[in-house]
Amino acid sequence: MVNWLEQHLFTCFFKSHFGMECPGCGMQRALIALLKGDLTDSLKYHAALIPFILTIVALLIQLIIKHHLGGKVVMWLFILTSSITFIQFIVRQIILFS
Amino acid sequence: MEETNLSNQGSQQQGQNINQQFGNQFGQIPVPNSAAVLVLGILSIVLCVCAGIVGLVCGIIALVLANKAMAVYKINPNSFTTSSYNNLKAGKVCAIIGTILSSLYFIYYIIILVVVGATASSMPWDQLMKH
């Protein structure tokens with residue numbers, strides 16, 4: 001499964017055309033590292049993968065059970081994911097241009 | 001105007017009374033598009049890849065849907081379930097964040113591309129090619 005994934009990575013459309021990383025770049029590598037059980041590598045490739053997975057799981061659960069507080073949980077997980085992605089993006093750009 | 005406002009308030013109060021009497025069993029339906037707004041709001045940041053264009057579109061669609069659904073909810077709050085309204089509010093916040101971040105990414109990439117393009121086109125390529 002992991003080997004198959006490694007051989008069938010999508011190349012980011014943006015990266016292949018303009019040569020710059022987009023905010024979501026590294027997520028597949030992070031997923032593969034996570035499936036291999038390598039947490040540090042996963043965080044290094046994309047720090048927001050784990051909260052992202054939690055957000056998607058929470059969203060699916062919320063769509064099924066429709067709890068009255070579920071929307072808030074999904075929202076806060078979403079805010080966590082997006083802020084981590086944003087900070088990581090800024091840090092990467094600073095590293096790129098320094 | 002005031003009279004209509006008063007009558008609106010009156011009907012709302014009446015609705016609340018009915019709601020208190022009969023509780024949630026009284027045929028409440030979810031707010032239209034509440035689930036769609038939540039999903040689109042979250043997709044707006046997930047699809048921030050490709051310089052944020054897809055995320056921007058998703059976020060704006062979610063915002064428009066959310067505003068429409070909010071208007072529908074405010075006409076008659078008692079006929080809709082609370083959980084779907086909470087979903088709607090959460091989805092709206094997600095959509096706002098997603099739209100703002102996507103547009104920031106988008107603007108940033110446009111600026112970078114313009115700067116890179118300007119530098120690349122002002123390079124003396126002819127002289128460089130001769131060497």
# chains A, B, ... in the order shown; residues from 1 in each chain; ligands from 1
call {"tool": "residues_around", "arguments": {"residues": "segment 3-20 of chain A", "least_positions_apart": "2", "cutoff": "10 Å", "atoms": "only C-alpha atoms", "output": "VMD selection string"}}
result
(chain A and resid 1 22 to 26 28 to 29 31 to 32 93 96) or (chain B and resid 49 to 51 109 112 to 113)
call {"tool": "closest_atom_pairs", "arguments": {"of": "chain A", "to": "chain B", "cutoff": "12 Å", "atoms": "only C-alpha atoms", "output": "tab-separated table"}}
result
residue	atom	partner	partner_atom	distance
A:Thr11	CA	B:Cys50	CA	11.3
A:Cys12	CA	B:Cys50	CA	7.6
A:Phe13	CA	B:Cys50	CA	6.5
A:Phe14	CA	B:Cys50	CA	5.1
A:Lys15	CA	B:Cys50	CA	8.3
A:Ser16	CA	B:Cys50	CA	10.4
A:His17	CA	B:Cys50	CA	10.1
A:Phe18	CA	B:Leu113	CA	8.4
A:Gly19	CA	B:Leu113	CA	10.6
A:Met20	CA	B:Tyr109	CA	9.0
A:Glu21	CA	B:Val49	CA	9.1
A:Cys22	CA	B:Val49	CA	5.6
A:Pro23	CA	B:Val49	CA	6.0
A:Gly24	CA	B:Val49	CA	5.3
A:Cys25	CA	B:Val49	CA	7.5
A:Gly26	CA	B:Val49	CA	10.9
A:Met27	CA	B:Val49	CA	10.6
A:Ala48	CA	B:Val46	CA	10.8
A:Leu49	CA	B:Val46	CA	10.7
A:Pro51	CA	B:Val46	CA	11.8
A:Phe52	CA	B:Val46	CA	8.4
A:Ile53	CA	B:Val46	CA	10.8
A:Thr55	CA	B:Ile42	CA	8.5
A:Ile56	CA	B:Ile42	CA	8.5
A:Val57	CA	B:Ile42	CA	11.9
A:Ala58	CA	B:Ile42	CA	11.2
A:Leu59	CA	B:Val39	CA	7.6
A:Leu60	CA	B:Val39	CA	9.2
A:Ile61	CA	B:Ala35	CA	11.8
A:Gln62	CA	B:Asn87	CA	8.7
A:Leu63	CA	B:Ala35	CA	6.8
A:Ile64	CA	B:Ala35	CA	10.1
A:Ile65	CA	B:Ser83	CA	10.0
A:Lys66	CA	B:Ser83	CA	6.3
A:His67	CA	B:Ser83	CA	6.0
A:His68	CA	B:Ser83	CA	3.9
A:Leu69	CA	B:Ser83	CA	7.1
A:Gly70	CA	B:Asn87	CA	7.5
A:Gly71	CA	B:Asn87	CA	4.6
A:Lys72	CA	B:Ala90	CA	5.9
A:Val73	CA	B:Ala90	CA	8.8
A:Val74	CA	B:Ala90	CA	7.6
A:Met75	CA	B:Ala90	CA	5.4
A:Trp76	CA	B:Ala90	CA	8.7
A:Leu77	CA	B:Cys94	CA	10.0
A:Phe78	CA	B:Ile42	CA	6.9
A:Ile79	CA	B:Cys94	CA	7.4
A:Leu80	CA	B:Cys94	CA	11.0
A:Thr81	CA	B:Ile45	CA	8.9
A:Ser82	CA	B:Ile45	CA	6.8
A:Ser83	CA	B:Leu101	CA	9.3
A:Ile84	CA	B:Ile45	CA	11.7
A:Thr85	CA	B:Ile45	CA	9.3
A:Phe86	CA	B:Leu101	CA	7.8
A:Ile87	CA	B:Leu101	CA	11.3
A:Phe89	CA	B:Tyr105	CA	9.4
A:Ile90	CA	B:Tyr105	CA	10.2
A:Gln93	CA	B:Tyr108	CA	10.6
A:Phe97	CA	B:Ile112	CA	11.4
call {"tool": "write_last_selection", "arguments": {"atoms": "C-alpha atoms", "output": "compact mmCIF listing (two decimals), in the first residue's frame"}}
result
# COMPACT_ATOMS: atom_id res chain seq x y z
CA THR A 11 2.85 16.19 -8.73
CA CYS A 12 1.48 19.54 -7.64
CA PHE A 13 0.14 21.36 -10.69
CA PHE A 14 1.41 24.65 -9.38
CA LYS A 15 4.87 23.38 -8.50
CA SER A 16 5.37 21.67 -11.84
CA HIS A 17 4.35 24.77 -13.80
CA PHE A 18 5.83 27.62 -11.78
CA GLY A 19 8.49 25.91 -9.70
CA MET A 20 7.19 27.28 -6.42
CA GLU A 21 5.68 25.28 -3.60
CA CYS A 22 2.02 25.86 -2.83
CA PRO A 23 0.71 25.89 0.77
CA GLY A 24 -0.43 22.27 0.47
CA CYS A 25 2.82 20.88 -0.92
CA GLY A 26 4.33 18.08 1.14
CA MET A 27 1.06 16.65 2.36
CA ALA A 48 -0.83 20.40 9.45
CA LEU A 49 -1.54 16.87 8.21
CA PRO A 51 -5.12 18.24 12.43
CA PHE A 52 -6.26 18.11 8.81
CA ILE A 53 -7.12 14.41 9.08
CA THR A 55 -10.88 17.89 10.74
CA ILE A 56 -12.05 15.64 7.91
CA VAL A 57 -12.96 12.84 10.34
CA ALA A 58 -14.84 15.30 12.58
CA LEU A 59 -16.65 16.73 9.56
CA LEU A 60 -17.79 13.29 8.38
CA ILE A 61 -18.93 12.33 11.89
CA GLN A 62 -20.77 15.65 12.24
CA LEU A 63 -22.52 15.15 8.90
CA ILE A 64 -23.78 11.77 10.12
CA ILE A 65 -24.71 12.36 13.79
CA LYS A 66 -25.52 16.13 13.54
CA HIS A 67 -24.67 16.96 17.16
CA HIS A 68 -25.48 20.53 18.17
CA LEU A 69 -21.89 21.19 19.34
CA GLY A 70 -20.21 19.29 16.50
CA GLY A 71 -20.08 22.30 14.21
CA LYS A 72 -17.97 24.17 16.74
CA VAL A 73 -15.52 21.27 17.08
CA VAL A 74 -15.11 21.11 13.30
CA MET A 75 -14.67 24.88 13.17
CA TRP A 76 -11.92 24.98 15.79
CA LEU A 77 -10.09 22.04 14.20
CA PHE A 78 -10.36 23.89 10.90
CA ILE A 79 -8.93 27.07 12.44
CA LEU A 80 -6.06 25.03 13.92
CA THR A 81 -5.31 23.40 10.55
CA SER A 82 -5.46 26.61 8.56
CA SER A 83 -3.32 28.57 11.02
CA ILE A 84 -0.64 25.85 11.10
CA THR A 85 -0.66 25.74 7.28
CA PHE A 86 -0.39 29.51 7.09
CA ILE A 87 2.49 29.77 9.60
CA PHE A 89 3.83 28.62 4.52
CA ILE A 90 5.28 31.91 5.80
CA GLN A 93 8.85 31.43 2.11
CA PHE A 97 14.23 33.88 0.15
call {"tool": "atom_distance", "arguments": {"atom1": "atom CA of Ser103 of chain B", "atom2": "atom CA of Pro32 of chain B"}}
result
27.1 Å
call {"tool": "closest_residue", "arguments": {"among": "B:Ile107, B:Ile29, B:Met123, B:Ile96", "to": "Tyr73 of chain B", "atoms": "only C-alpha atoms"}}
result
B:Ile29
